[in-house]
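Heads up, start.pdb below (PDB, C-alpha atoms, pLDDT in the B column):
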ATOM      1  CA  MET A   1     -65.732 -26.879  13.265  1.00 52.00           C
ATOM      2  CA  ARG A   2     -63.244 -27.145  10.440  1.00 54.00           C
ATOM      3  CA  GLN A   3     -59.951 -28.944  11.030  1.00 55.00           C
ATOM      4  CA  ASN A   4     -56.621 -27.931   9.561  1.00 53.00           C
ATOM      5  CA  LYS A   5     -55.242 -30.555   7.230  1.00 51.00           C
ATOM      6  CA  LYS A   6     -51.649 -31.596   7.193  1.00 50.00           C
ATOM      7  CA  TYR A   7     -50.048 -32.313   3.866  1.00 50.00           C
ATOM      8  CA  TYR A   8     -46.986 -34.448   3.409  1.00 46.00           C
ATOM      9  CA  TYR A   9     -44.818 -33.895   0.364  1.00 49.00           C
ATOM     10  CA  PRO A  10     -42.427 -36.854   0.010  1.00 52.00           C
ATOM     11  CA  VAL A  11     -40.280 -34.976  -2.485  1.00 52.00           C
ATOM     12  CA  CYS A  12     -39.051 -32.490   0.108  1.00 52.00           C
ATOM     13  CA  ASP A  13     -38.629 -34.047   3.533  1.00 53.00           C
ATOM     14  CA  THR A  14     -36.991 -30.952   4.966  1.00 48.00           C
ATOM     15  CA  VAL A  15     -38.832 -27.958   6.361  1.00 47.00           C
ATOM     16  CA  LEU A  16     -36.978 -24.684   6.372  1.00 47.00           C
ATOM     17  CA  TYR A  17     -37.843 -22.038   8.936  1.00 47.00           C
ATOM     18  CA  MET A  18     -36.495 -18.541   8.411  1.00 49.00           C
ATOM     19  CA  SER A  19     -36.968 -15.436  10.459  1.00 50.00           C
ATOM     20  CA  ALA A  20     -36.910 -11.893   9.145  1.00 51.00           C
ATOM     21  CA  SER A  21     -33.376 -11.446  10.477  1.00 50.00           C
ATOM     22  CA  ASP A  22     -32.157 -14.407   8.369  1.00 49.00           C
ATOM     23  CA  VAL A  23     -33.017 -12.652   5.128  1.00 49.00           C
ATOM     24  CA  GLN A  24     -30.098 -10.743   3.687  1.00 54.00           C
ATOM     25  CA  HIS A  25     -30.771  -7.142   2.763  1.00 53.00           C
ATOM     26  CA  GLY A  26     -27.885  -6.269   0.499  1.00 52.00           C
ATOM     27  CA  GLU A  27     -27.457  -3.709  -2.198  1.00 52.00           C
ATOM     28  CA  PRO A  28     -30.076  -3.923  -4.935  1.00 48.00           C
ATOM     29  CA  GLU A  29     -28.708  -5.406  -8.129  1.00 55.00           C
ATOM     30  CA  GLU A  30     -27.874  -2.999 -10.912  1.00 61.00           C
ATOM     31  CA  GLU A  31     -30.339  -2.952 -13.748  1.00 69.00           C
ATOM     32  CA  GLN A  32     -29.026  -4.533 -16.892  1.00 74.00           C
ATOM     33  CA  VAL A  33     -28.830  -2.326 -19.936  1.00 75.00           C
ATOM     34  CA  GLY A  34     -28.816  -2.999 -23.666  1.00 77.00           C
ATOM     35  CA  TRP A  35     -28.167  -6.492 -24.945  1.00 85.00           C
ATOM     36  CA  GLU A  36     -27.494  -7.694 -21.389  1.00 85.00           C
ATOM     37  CA  ALA A  37     -31.144  -6.971 -20.568  1.00 83.00           C
ATOM     38  CA  VAL A  38     -32.262  -8.816 -23.709  1.00 88.00           C
ATOM     39  CA  ALA A  39     -30.290 -11.915 -22.673  1.00 89.00           C
ATOM     40  CA  ASP A  40     -32.709 -12.566 -19.786  1.00 88.00           C
ATOM     41  CA  LEU A  41     -35.825 -12.309 -21.976  1.00 92.00           C
ATOM     42  CA  PRO A  42     -37.731 -15.135 -23.702  1.00 93.00           C
ATOM     43  CA  PRO A  43     -36.516 -16.408 -27.096  1.00 93.00           C
ATOM     44  CA  SER A  44     -39.343 -14.624 -28.926  1.00 94.00           C
ATOM     45  CA  ALA A  45     -38.208 -11.259 -27.532  1.00 94.00           C
ATOM     46  CA  LYS A  46     -34.609 -12.000 -28.554  1.00 93.00           C
ATOM     47  CA  LEU A  47     -35.752 -12.829 -32.081  1.00 94.00           C
ATOM     48  CA  VAL A  48     -37.815  -9.641 -32.357  1.00 95.00           C
ATOM     49  CA  ALA A  49     -34.848  -7.603 -31.099  1.00 93.00           C
ATOM     50  CA  LYS A  50     -32.543  -9.210 -33.682  1.00 93.00           C
ATOM     51  CA  VAL A  51     -35.012  -8.531 -36.512  1.00 95.00           C
ATOM     52  CA  LEU A  52     -35.286  -4.903 -35.388  1.00 95.00           C
ATOM     53  CA  GLU A  53     -31.485  -4.727 -35.342  1.00 93.00           C
ATOM     54  CA  TYR A  54     -31.375  -5.590 -39.043  1.00 93.00           C
ATOM     55  CA  ASN A  55     -34.411  -3.463 -39.991  1.00 93.00           C
ATOM     56  CA  ASP A  56     -34.553   0.130 -38.832  1.00 88.00           C
ATOM     57  CA  SER A  57     -38.243   0.245 -37.983  1.00 93.00           C
ATOM     58  CA  LEU A  58     -41.162  -2.131 -38.413  1.00 95.00           C
ATOM     59  CA  THR A  59     -44.817  -2.359 -37.446  1.00 95.00           C
ATOM     60  CA  GLN A  60     -46.151  -5.226 -35.373  1.00 95.00           C
ATOM     61  CA  SER A  61     -47.607  -6.952 -38.423  1.00 95.00           C
ATOM     62  CA  GLN A  62     -44.306  -6.591 -40.301  1.00 95.00           C
ATOM     63  CA  LEU A  63     -42.482  -8.082 -37.315  1.00 96.00           C
ATOM     64  CA  ALA A  64     -44.900 -11.020 -37.258  1.00 96.00           C
ATOM     65  CA  GLU A  65     -44.285 -11.556 -40.959  1.00 96.00           C
ATOM     66  CA  GLU A  66     -40.488 -11.322 -40.663  1.00 94.00           C
ATOM     67  CA  THR A  67     -40.169 -13.530 -37.573  1.00 94.00           C
ATOM     68  CA  LEU A  68     -42.888 -16.020 -38.557  1.00 95.00           C
ATOM     69  CA  LEU A  69     -44.248 -15.672 -35.007  1.00 95.00           C
ATOM     70  CA  PRO A  70     -47.960 -15.307 -34.208  1.00 96.00           C
ATOM     71  CA  PRO A  71     -49.089 -11.683 -33.696  1.00 96.00           C
ATOM     72  CA  ARG A  72     -49.895 -12.353 -30.055  1.00 97.00           C
ATOM     73  CA  THR A  73     -46.347 -13.613 -29.409  1.00 96.00           C
ATOM     74  CA  VAL A  74     -44.904 -10.554 -31.149  1.00 96.00           C
ATOM     75  CA  ARG A  75     -47.082  -8.310 -28.953  1.00 96.00           C
ATOM     76  CA  TYR A  76     -45.808 -10.082 -25.838  1.00 96.00           C
ATOM     77  CA  ALA A  77     -42.189  -9.824 -27.016  1.00 95.00           C
ATOM     78  CA  LEU A  78     -42.569  -6.103 -27.743  1.00 96.00           C
ATOM     79  CA  THR A  79     -44.073  -5.522 -24.301  1.00 94.00           C
ATOM     80  CA  ARG A  80     -41.164  -7.301 -22.637  1.00 94.00           C
ATOM     81  CA  LEU A  81     -38.660  -5.341 -24.748  1.00 94.00           C
ATOM     82  CA  GLU A  82     -40.364  -2.055 -23.894  1.00 93.00           C
ATOM     83  CA  ASP A  83     -40.267  -2.967 -20.191  1.00 92.00           C
ATOM     84  CA  VAL A  84     -36.456  -3.089 -20.282  1.00 91.00           C
ATOM     85  CA  ASP A  85     -36.242   0.071 -22.461  1.00 91.00           C
ATOM     86  CA  VAL A  86     -34.735  -1.703 -25.455  1.00 92.00           C
ATOM     87  CA  VAL A  87     -37.489  -0.858 -27.950  1.00 94.00           C
ATOM     88  CA  GLY A  88     -39.137   2.452 -28.658  1.00 93.00           C
ATOM     89  CA  SER A  89     -42.380   3.058 -30.496  1.00 93.00           C
ATOM     90  CA  ARG A  90     -44.160   5.887 -32.262  1.00 94.00           C
ATOM     91  CA  PHE A  91     -47.381   6.285 -34.198  1.00 94.00           C
ATOM     92  CA  SER A  92     -47.291   5.747 -37.943  1.00 91.00           C
ATOM     93  CA  PHE A  93     -47.923   8.892 -39.977  1.00 92.00           C
ATOM     94  CA  SER A  94     -49.579   6.932 -42.775  1.00 92.00           C
ATOM     95  CA  ASP A  95     -51.908   4.986 -40.459  1.00 90.00           C
ATOM     96  CA  ALA A  96     -52.434   6.309 -36.923  1.00 90.00           C
ATOM     97  CA  ARG A  97     -53.791   2.915 -35.816  1.00 92.00           C
ATOM     98  CA  LYS A  98     -50.351   1.364 -36.222  1.00 93.00           C
ATOM     99  CA  ARG A  99     -47.222   1.829 -34.155  1.00 94.00           C
ATOM    100  CA  ILE A 100     -43.714   1.694 -35.567  1.00 95.00           C
ATOM    101  CA  TYR A 101     -41.103  -0.028 -33.401  1.00 96.00           C
ATOM    102  CA  THR A 102     -37.380   0.696 -33.378  1.00 95.00           C
ATOM    103  CA  LEU A 103     -34.465  -0.731 -31.430  1.00 93.00           C
ATOM    104  CA  THR A 104     -32.989   1.832 -29.010  1.00 92.00           C
ATOM    105  CA  ILE A 105     -29.693   0.022 -28.353  1.00 85.00           C
ATOM    106  CA  GLU A 106     -26.632  -0.549 -30.513  1.00 76.00           C
TER     107      GLU A 106
END
Here is a file; write its structure as structure tokens.
Amino acid sequence: MRQNKKYYYPVCDTVLYMSASDVQHGEPEEEQVGWEAVADLPPSAKLVAKVLEYNDSLTQSQLAEETLLPPRTVRYALTRLEDVDVVGSRFSFSDARKRIYTLTIE
């Protein structure tokens, strides 16, 4: 038979017990829009947003070149920016494999 182990964490001597009724169920927070939403994102996403603010539209490789960030970091930043609806994308007419990114806020 297997015994349950007890673990002691000296960093936190206090144990907090909460019931379901202790949890506050208030109004959901309003979603942030525009630059307020960008403020909560990682620094790489803020940099990509700023570069897109100064350039109308760029591809991912152009963004990597302008920001001096690795392509993978630019991809992650663009994903985070798209999640908060700050960046829009469309297919390039000259090369359908590429997407062109634009900032959707002012």
Ground truth for the PyMOL selection byres ((chain A and resi 77) around 9), written as a ChimeraX atom specification: /A:41-49,72-76,78-82
Explicit residue set for the PyMOL selection byres ((chain A and resi 58) around 6), as a PyMOL selection string: chain A and resi 57+59+62+100-101
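Between CA of Phe91 (chain A) and CA of Tyr54 (chain A) lies a distance of 20.5 Å.
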Computed interatomic separation between CA of Asp83 (chain A) and CA of Glu53 (chain A) (Å):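 Taking CA of Asp83 (chain A) and CA of Glu53 (chain A), their separation equals 17.6 Å.
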